[in-house]
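Raw model_17.cif, mmCIF, C-alpha atoms:
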data_my_file
#
loop_
_atom_site.label_atom_id
_atom_site.label_comp_id
_atom_site.auth_asym_id
_atom_site.auth_seq_id
_atom_site.Cartn_x
_atom_site.Cartn_y
_atom_site.Cartn_z
CA MET A 1 73.58 -195.31 66.33
CA ARG A 2 76.93 -196.64 67.37
CA HIS A 3 78.67 -194.37 64.93
CA HIS A 4 76.98 -191.38 66.48
CA PHE A 5 78.75 -192.03 69.73
CA ALA A 6 82.07 -193.16 68.43
CA VAL A 7 84.93 -191.56 70.28
CA LEU A 8 87.65 -194.14 69.97
CA SER A 9 88.06 -196.19 66.85
CA ARG A 10 90.52 -197.12 64.16
CA PRO A 11 90.04 -197.29 60.39
CA ARG A 12 87.46 -199.91 59.65
CA ILE A 13 89.38 -202.36 57.49
CA ARG A 14 92.38 -202.30 59.73
CA ASP A 15 90.12 -202.66 62.77
CA ALA A 16 88.65 -205.85 61.44
CA THR A 17 92.11 -207.19 60.75
CA VAL A 18 93.37 -206.26 64.17
CA ALA A 19 90.27 -207.73 65.81
CA THR A 20 90.83 -211.01 63.96
CA TYR A 21 94.45 -211.07 65.04
CA LYS A 22 93.43 -210.23 68.59
CA LYS A 23 90.96 -213.10 68.71
CA ALA A 24 93.67 -215.42 67.44
CA GLY A 25 95.96 -214.06 70.15
CA MET A 26 98.36 -212.73 67.53
CA VAL A 27 98.30 -209.10 68.56
CA ASP A 28 99.16 -207.85 72.01
CA THR A 29 96.06 -205.95 73.19
CA SER A 30 98.27 -203.27 74.68
CA ASP A 31 99.83 -202.48 71.27
CA LEU A 32 96.46 -201.47 69.88
CA ALA A 33 95.14 -199.62 72.90
CA ARG A 34 98.52 -197.99 73.57
CA GLN A 35 98.36 -196.08 70.31
CA LEU A 36 94.95 -194.61 71.09
CA VAL A 37 96.24 -192.01 73.54
CA ASP A 38 98.88 -190.93 71.01
CA ILE A 39 96.42 -190.46 68.15
CA MET A 40 93.85 -188.47 70.14
CA PRO A 41 94.63 -184.77 69.68
CA HIS A 42 92.73 -183.75 72.83
CA ALA A 43 94.59 -186.30 74.97
CA GLN A 44 97.87 -184.96 73.53
CA ALA A 45 96.83 -181.34 74.17
CA LEU A 46 96.28 -182.25 77.83
CA GLY A 47 99.68 -183.97 78.02
CA MET A 48 98.28 -187.44 78.80
CA GLN A 49 100.71 -190.35 79.03
CA LEU A 50 99.73 -194.00 79.02
CA VAL A 51 101.29 -195.71 82.03
CA SER A 52 100.01 -199.27 81.68
CA ILE A 53 97.35 -201.41 80.11
CA GLY A 54 95.87 -204.77 81.04
CA ASP A 55 92.86 -206.88 80.10
CA GLY A 56 90.10 -204.29 80.44
CA THR A 57 92.19 -201.94 82.55
CA ALA A 58 94.22 -198.82 81.84
CA ARG A 59 96.33 -196.33 83.76
CA ILE A 60 96.93 -192.83 82.36
CA ARG A 61 98.90 -189.93 83.84
CA MET A 62 98.40 -186.19 83.32
CA PRO A 63 101.24 -183.98 84.59
CA TYR A 64 100.35 -180.70 86.33
CA ASP A 65 100.17 -177.74 83.95
CA LYS A 66 99.17 -174.15 84.80
CA LYS A 67 97.15 -174.00 81.56
CA PHE A 68 94.63 -176.42 83.05
CA VAL A 69 93.98 -174.50 86.28
CA GLY A 70 90.29 -174.03 87.12
CA ASP A 71 90.59 -172.12 90.38
CA PRO A 72 93.09 -169.27 89.96
CA LYS A 73 93.06 -168.56 93.70
CA THR A 74 94.43 -171.97 94.62
CA GLY A 75 95.99 -173.22 91.36
CA VAL A 76 93.89 -176.42 91.45
CA ILE A 77 93.30 -178.19 88.09
CA HIS A 78 89.83 -177.70 86.54
CA GLY A 79 87.32 -180.53 86.93
CA GLY A 80 86.90 -180.53 83.15
CA ALA A 81 90.51 -181.62 82.63
CA VAL A 82 89.97 -184.44 85.14
CA SER A 83 86.79 -185.41 83.22
CA ALA A 84 88.75 -185.62 79.96
CA LEU A 85 91.40 -187.78 81.66
CA MET A 86 88.76 -190.09 83.16
CA ASP A 87 86.87 -190.37 79.85
CA THR A 88 90.05 -191.21 77.92
CA CYS A 89 91.19 -193.77 80.49
CA CYS A 90 87.78 -195.50 80.53
CA GLY A 91 87.70 -195.66 76.71
CA VAL A 92 91.19 -197.18 76.56
CA ALA A 93 90.20 -199.74 79.22
CA VAL A 94 87.26 -200.81 77.02
CA ILE A 95 89.45 -201.17 73.91
CA SER A 96 92.01 -203.20 75.88
CA HIS A 97 89.36 -205.76 76.92
CA SER A 98 90.17 -209.32 75.81
CA SER A 99 86.83 -209.63 73.96
CA ALA A 100 88.47 -207.37 71.35
CA PRO A 101 86.11 -204.42 70.74
CA ILE A 102 87.17 -202.43 67.68
CA ALA A 103 85.63 -199.12 68.73
CA THR A 104 83.94 -197.49 71.69
CA ALA A 105 82.27 -194.24 72.70
CA THR A 106 80.92 -192.77 75.90
CA ILE A 107 77.18 -193.19 76.51
CA ASP A 108 77.32 -191.54 79.92
CA LEU A 109 79.93 -190.71 82.50
CA ARG A 110 79.46 -189.50 86.06
CA ILE A 111 82.32 -188.04 88.07
CA ASP A 112 82.46 -187.44 91.82
CA TYR A 113 85.02 -184.88 92.91
CA MET A 114 86.11 -185.91 96.38
CA ARG A 115 88.90 -183.43 97.04
CA PRO A 116 91.04 -180.93 95.13
CA ALA A 117 94.20 -182.45 93.61
CA LYS A 118 97.42 -181.14 95.19
CA VAL A 119 98.84 -178.20 93.25
CA GLY A 120 101.90 -179.18 91.23
CA GLN A 121 101.26 -182.94 91.36
CA ALA A 122 100.38 -185.16 88.39
CA ILE A 123 96.97 -186.84 88.36
CA THR A 124 96.87 -190.55 87.53
CA THR A 125 93.68 -192.39 86.64
CA HIS A 126 93.05 -196.10 86.78
CA ALA A 127 90.02 -197.47 84.90
CA THR A 128 88.53 -200.96 85.01
CA CYS A 129 86.00 -202.36 82.60
CA TYR A 130 84.16 -204.48 85.21
CA HIS A 131 81.41 -205.84 82.99
CA MET A 132 81.16 -206.35 79.25
CA THR A 133 78.14 -207.30 77.16
CA ARG A 134 77.89 -207.64 73.36
CA SER A 135 77.10 -203.95 72.98
CA VAL A 136 77.80 -202.18 76.27
CA ALA A 137 80.85 -201.88 78.53
CA PHE A 138 80.51 -200.81 82.18
CA VAL A 139 83.53 -198.98 83.51
CA ARG A 140 84.73 -197.53 86.83
CA ALA A 141 87.71 -195.28 87.39
CA THR A 142 89.55 -193.43 90.14
CA ALA A 143 91.89 -190.44 89.96
CA LEU A 144 94.82 -190.11 92.35
CA ASP A 145 97.60 -187.65 93.06
CA ALA A 146 100.73 -188.50 95.06
CA ASP A 147 98.64 -189.38 98.15
CA GLU A 148 97.27 -192.66 96.83
CA SER A 149 95.30 -193.40 99.99
CA ARG A 150 92.78 -190.64 99.31
CA PRO A 151 91.28 -190.52 95.79
CA VAL A 152 90.84 -187.13 94.12
CA ALA A 153 87.86 -188.25 92.02
CA ALA A 154 85.85 -191.33 91.07
CA ALA A 155 83.97 -192.04 87.86
CA SER A 156 81.53 -194.58 86.54
CA GLY A 157 80.10 -194.84 83.08
CA ALA A 158 78.63 -196.89 80.27
CA PHE A 159 80.36 -197.15 76.87
CA THR A 160 79.26 -198.43 73.48
CA VAL A 161 81.03 -201.49 72.10
CA GLU A 162 81.54 -202.01 68.40
CA ARG A 163 82.60 -205.49 67.31
CA MET B 2 57.33 -137.19 93.92
CA GLU B 3 59.84 -137.49 91.12
CA ARG B 4 61.13 -140.94 90.21
CA SER B 5 64.88 -141.35 90.01
CA LYS B 6 66.13 -141.39 86.45
CA PRO B 7 67.08 -144.85 85.13
CA GLU B 8 70.77 -145.44 84.60
CA PRO B 9 72.00 -144.86 81.02
CA VAL B 10 71.94 -148.14 79.06
CA GLN B 11 75.67 -148.07 78.36
CA VAL B 12 76.44 -147.83 82.08
CA ILE B 13 74.34 -150.92 82.82
CA LYS B 14 75.80 -152.86 79.88
CA GLN B 15 79.35 -152.00 80.78
CA ARG B 16 78.91 -153.04 84.40
CA ARG B 17 77.47 -156.42 83.35
CA ASP B 18 80.11 -157.01 80.70
CA VAL B 19 82.96 -156.13 83.06
CA ALA B 20 81.57 -158.50 85.70
CA LEU B 21 81.26 -161.35 83.19
CA LYS B 22 84.74 -160.75 81.81
CA LEU B 23 86.26 -160.79 85.31
CA LEU B 24 84.50 -164.08 86.11
CA ILE B 25 85.93 -165.75 83.00
CA ASP B 26 89.32 -164.18 82.38
CA GLY B 27 90.90 -165.42 85.58
CA VAL B 28 90.40 -169.11 84.70
CA PRO B 29 93.29 -170.49 82.60
CA TYR B 30 91.40 -173.67 81.60
CA ILE B 31 88.58 -171.61 80.01
CA GLN B 32 91.22 -169.86 77.89
CA PHE B 33 92.82 -173.22 77.02
CA LEU B 34 89.49 -174.58 75.71
CA GLY B 35 88.73 -171.26 74.00
CA VAL B 36 85.25 -170.95 75.54
CA ARG B 37 83.47 -167.57 75.12
CA PHE B 38 80.22 -166.32 76.63
CA ASP B 39 77.50 -164.36 74.82
CA ARG B 40 75.17 -162.34 77.04
CA ARG B 41 71.62 -161.15 76.42
CA GLY B 42 70.43 -159.45 79.61
CA ASP B 43 71.07 -162.07 82.26
CA GLU B 44 70.95 -164.99 79.79
CA LEU B 45 74.31 -166.57 78.98
CA THR B 46 75.18 -168.79 76.03
CA SER B 47 78.63 -170.34 75.96
CA VAL B 48 80.42 -170.94 72.68
CA LEU B 49 83.13 -173.54 72.08
CA PRO B 50 84.74 -172.63 68.74
CA PHE B 51 85.97 -175.74 66.96
CA ASP B 52 89.68 -176.41 67.25
CA GLU B 53 91.86 -179.36 66.20
CA LYS B 54 93.02 -179.88 69.78
CA LEU B 55 89.43 -180.73 70.85
CA ILE B 56 89.32 -183.83 68.65
CA GLY B 57 89.08 -187.23 70.29
CA ASN B 58 88.66 -189.48 67.29
CA PRO B 59 90.71 -188.25 64.32
CA HIS B 60 89.15 -190.81 61.96
CA LEU B 61 85.58 -189.48 62.14
CA PRO B 62 86.56 -186.77 63.25
CA ALA B 63 84.63 -186.13 66.48
CA ILE B 64 85.06 -183.86 69.49
CA HIS B 65 86.53 -185.69 72.50
CA GLY B 66 83.92 -186.67 75.10
CA GLY B 67 86.18 -185.14 77.73
CA ALA B 68 86.24 -181.79 75.89
CA THR B 69 82.44 -181.89 75.73
CA ALA B 70 82.23 -182.65 79.47
CA ALA B 71 84.65 -179.81 80.25
CA PHE B 72 82.71 -177.36 78.06
CA LEU B 73 79.43 -178.22 79.82
CA GLU B 74 81.06 -178.03 83.26
CA VAL B 75 82.57 -174.60 82.48
CA THR B 76 79.13 -173.43 81.30
CA ALA B 77 77.48 -174.71 84.49
CA ILE B 78 80.03 -173.08 86.83
CA ILE B 79 80.07 -169.68 85.10
CA THR B 80 76.27 -169.55 84.75
CA LEU B 81 75.86 -170.53 88.42
CA SER B 82 78.34 -167.82 89.53
CA TRP B 83 76.69 -165.28 87.26
CA THR B 84 73.27 -166.07 88.81
CA PHE B 85 74.81 -165.98 92.29
CA PHE B 86 76.40 -162.55 91.79
CA TRP B 87 73.63 -161.03 89.60
CA GLN B 88 71.83 -159.09 92.37
CA ASP B 89 75.06 -157.61 93.64
CA ILE B 90 76.23 -156.74 90.13
CA GLU B 91 72.91 -154.96 89.44
CA SER B 92 72.87 -153.04 92.70
CA GLY B 93 76.49 -151.98 92.21
CA LYS B 94 77.33 -153.63 95.56
CA ILE B 95 80.31 -155.47 94.07
CA ASP B 96 83.57 -153.61 94.08
CA PHE B 97 85.17 -154.67 90.82
CA ASP B 98 88.56 -153.42 91.96
CA GLN B 99 88.60 -156.43 94.28
CA TRP B 100 87.87 -158.74 91.34
CA ASP B 101 91.17 -158.40 89.58
CA SER B 102 93.51 -161.09 88.36
CA THR B 103 95.27 -161.37 91.70
CA ALA B 104 92.02 -161.90 93.61
CA PRO B 105 89.33 -163.24 91.29
CA PRO B 106 85.86 -164.00 92.71
CA ASP B 107 85.31 -167.34 94.43
CA LEU B 108 83.75 -169.89 92.10
CA PRO B 109 81.42 -172.76 93.07
CA LYS B 110 83.16 -176.13 93.47
CA THR B 111 81.93 -179.19 91.61
CA ILE B 112 80.67 -181.99 93.85
CA ASP B 113 79.64 -184.28 91.00
CA PHE B 114 78.98 -183.99 87.28
CA SER B 115 77.11 -186.44 85.08
CA VAL B 116 77.23 -186.19 81.28
CA ASP B 117 74.80 -187.81 78.86
CA TYR B 118 76.27 -188.15 75.35
CA LEU B 119 73.44 -188.02 72.82
CA ARG B 120 75.21 -187.56 69.49
CA SER B 121 78.75 -187.43 68.23
CA GLY B 122 80.32 -183.97 68.64
CA LEU B 123 80.91 -182.78 65.08
CA PRO B 124 83.99 -180.80 64.03
CA ARG B 125 82.26 -177.41 64.29
CA ASP B 126 81.31 -174.82 66.93
CA ALA B 127 79.25 -175.95 69.91
CA TYR B 128 76.92 -173.95 72.14
CA ALA B 129 75.55 -174.51 75.63
CA ARG B 130 73.14 -172.99 78.10
CA ALA B 131 72.80 -173.87 81.77
CA LYS B 132 69.74 -173.68 83.99
CA VAL B 133 70.12 -173.38 87.73
CA ASN B 134 67.37 -175.65 89.01
CA ARG B 135 68.13 -175.07 92.66
CA SER B 136 70.56 -172.76 94.36
CA GLY B 137 70.55 -172.90 98.13
CA ARG B 138 72.91 -171.37 100.66
CA ARG B 139 75.33 -174.30 100.45
CA TYR B 140 74.43 -176.48 97.46
CA ALA B 141 73.23 -175.95 93.90
CA SER B 142 71.90 -178.23 91.17
CA VAL B 143 72.49 -177.16 87.57
CA HIS B 144 71.41 -178.67 84.25
CA VAL B 145 73.26 -177.89 81.00
CA GLU B 146 72.27 -178.46 77.39
CA GLY B 147 74.80 -178.51 74.55
CA TRP B 148 74.03 -178.31 70.84
CA GLN B 149 75.74 -177.58 67.53
CA ASP B 150 73.73 -176.74 64.42
CA GLN B 151 70.18 -177.04 65.66
CA ARG B 152 69.10 -175.82 69.08
CA HIS B 153 66.63 -178.68 69.58
CA ARG B 154 69.09 -181.41 68.58
CA LEU B 155 71.26 -181.69 71.69
CA PHE B 156 74.60 -183.47 71.30
CA ALA B 157 75.11 -183.69 75.06
CA GLN B 158 73.45 -182.72 78.31
CA ALA B 159 74.66 -182.80 81.89
CA THR B 160 73.58 -182.33 85.49
CA GLY B 161 75.96 -181.25 88.21
CA HIS B 162 75.90 -180.44 91.90
CA PHE B 163 78.03 -177.67 93.31
CA LEU B 164 79.23 -176.34 96.63
CA MET B 165 78.54 -172.60 96.77
CA PRO B 166 81.33 -170.10 97.50
CA GLY B 167 81.48 -168.80 101.04
CA VAL B 168 80.82 -172.23 102.54
CA PRO B 169 83.75 -173.41 104.68
CA GLU B 170 85.88 -176.04 102.93
CA ARG B 171 84.78 -179.61 103.40
CA ASP B 172 87.07 -181.50 105.68
CA ASP B 173 87.61 -185.17 105.15
CA CYS B 174 86.32 -187.00 108.18
#
Encoded form using structure tokens:
Amino acid sequence: MRHHFAVLSRPRIRDATVATYKKAGMVDTSDLARQLVDIMPHAQALGMQLVSIGDGTARIRMPYDKKFVGDPKTGVIHGGAVSALMDTCCGVAVISHSSAPIATATIDLRIDYMRPAKVGQAITTHATCYHMTRSVAFVRATALDADESRPVAAASGAFTVER
Amino acid sequence: MERSKPEPVQVIKQRRDVALKLLIDGVPYIQFLGVRFDRRGDELTSVLPFDEKLIGNPHLPAIHGGATAAFLEVTAIITLSWTFFWQDIESGKIDFDQWDSTAPPDLPKTIDFSVDYLRSGLPRDAYARAKVNRSGRRYASVHVEGWQDQRHRLFAQATGHFLMPGVPERDDC
């Protein structure tokens, strides 16, 4: 079942090794999670850049690109691109959690679009894994443009946890 | 009294195909994902041809959950617009000259979108169909089903709410 969902994972043998090191505090969590954005072709295609990582938190930036426009009249980025950014950021937040999951995948993700992002501005998401069980991670995220006082979108979702 | 002669089939087909093409062609993100739409009468099926850039997990490999969400959202928006404009397309009320690349038709705006991931997206083509469950003057509720090899084995489904075109922009209060 877990394999059916898997979105983010690393080769199995290496995973186990990394997880062991992580538990022993020998590997910086950010080193592992940092690489995830770089090895995901879809995240690369959307130009995503990891900004920061913490214990169960992640911040990822997506610069404005005309290729991702959803409303040609206004030039506003398509909701789908924001969804991909949110999903990636939530997954990385799960992997960065100190309980050392080795893989995760989205079970469900809901996104509220509060306002259109400003044309030409990068969108930055911040995700927090606010509760972790043995097999499920609960995550919330927000998306911001330059006006950080008014979120562009909010997300909440459940993710699988492989240990 | 003599009934008016039905329009030639190619005239009807061309009008529908032109309308659908104009709805889709103006959206850069649909081109980026590579989504196409197949039409049978008024029924639309969207197709997401597999591409390396859609991959989320290169080790499986599996389609990125975000690419799946985007594909379902594109399907919902285009199907909702298509349903919204259908009467006017059929009656010939729509002036396609006003639907060019400089002034494409207004599309519904997503209020919220919730995706349920049922199976891993395999590295092959995906298909989706949307059903407009409710379309009022201001709001619409749309359900989308996505599958790959077998129609009854969904790999993802989603429900979204949309603000219909023609409604004044929401102002933040």
Q. Quick one, how far is CA of Pro59 (chain B) from CA of Ser99 (chain A)?
A.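 About the pair CA of Pro59 (chain B) and CA of Ser99 (chain A): they are 23.8 Å apart.
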Q: Using only C-alpha atoms, pick whichever of B:Ile13, B:Ile56, B:Val48, B:Val36 has the shortest atom-to-atom distance to chain A.
A: B:Ile56
**Q.** Hits from the PyMOL selection byres ((chain B) within 9 of (chain A)), listed as a ChimeraX atom specification
**A.** /B:27-33,53-75,102-108,110-122,171,173
Q | CA of Val92 (chain A) to CA of Ala58 (chain A), distance in Å rounded to a single decimal | A |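 So the two atoms, CA of Val92 (chain A) and CA of Ala58 (chain A), lie 6.3 Å apart.
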Q) Which residues fall under the PyMOL selection byres ((chain B and resi 141) around 10) in this file, as a ChimeraX atom specification? A) /B:81,109-112,133-140,142-143,161-165
Q. So how far away is CA of Thr74 (chain A) from CA of Leu144 (chain A), in Å?
A.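 Those two atoms sit 18.3 Å apart.
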Q.
I'd like to know which of B:Val19, B:Ala159, B:Ile25, B:Ile95 is closest to Thr80 (chain B), using only C-alpha atoms.
A.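 Smallest separation from Thr80 (chain B) among the options: B:Ile25.
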Q: Find the spatial neighbours of Phe51 (chain B), counting only C-alpha atoms, within a cut-off of 7 Å - ignore same-chain residues fewer than 3 positions away - and output them as a ChimeraX atom specification.
A: /B:124-126
Q: To verify the selection step, state as a list of chain:residue names which residues the PyMOL selection byres ((chain A and resi 135) around 8) yields on this input.
A: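 Taken over the shown coordinates, the PyMOL selection byres ((chain A and resi 135) around 8) returns A:Met132, A:Thr133, A:Arg134, A:Val136, A:Ala137, A:Thr160, A:Val161, A:Glu162.
Shortest separation to Gln35 (chain A) among A:Thr124, A:Ser96, A:Thr57, A:Ser149 occurs at residue A:Ser96, atoms counted being only C-alpha atoms.
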Q. Any idea what's packed within 7 Å of Met48 (chain A), counting all atoms listed in the file, ignoring anything in its chain fewer than 6 positions away? Could you give it as a VMD selection string?
A. chain A and resid 60 to 62
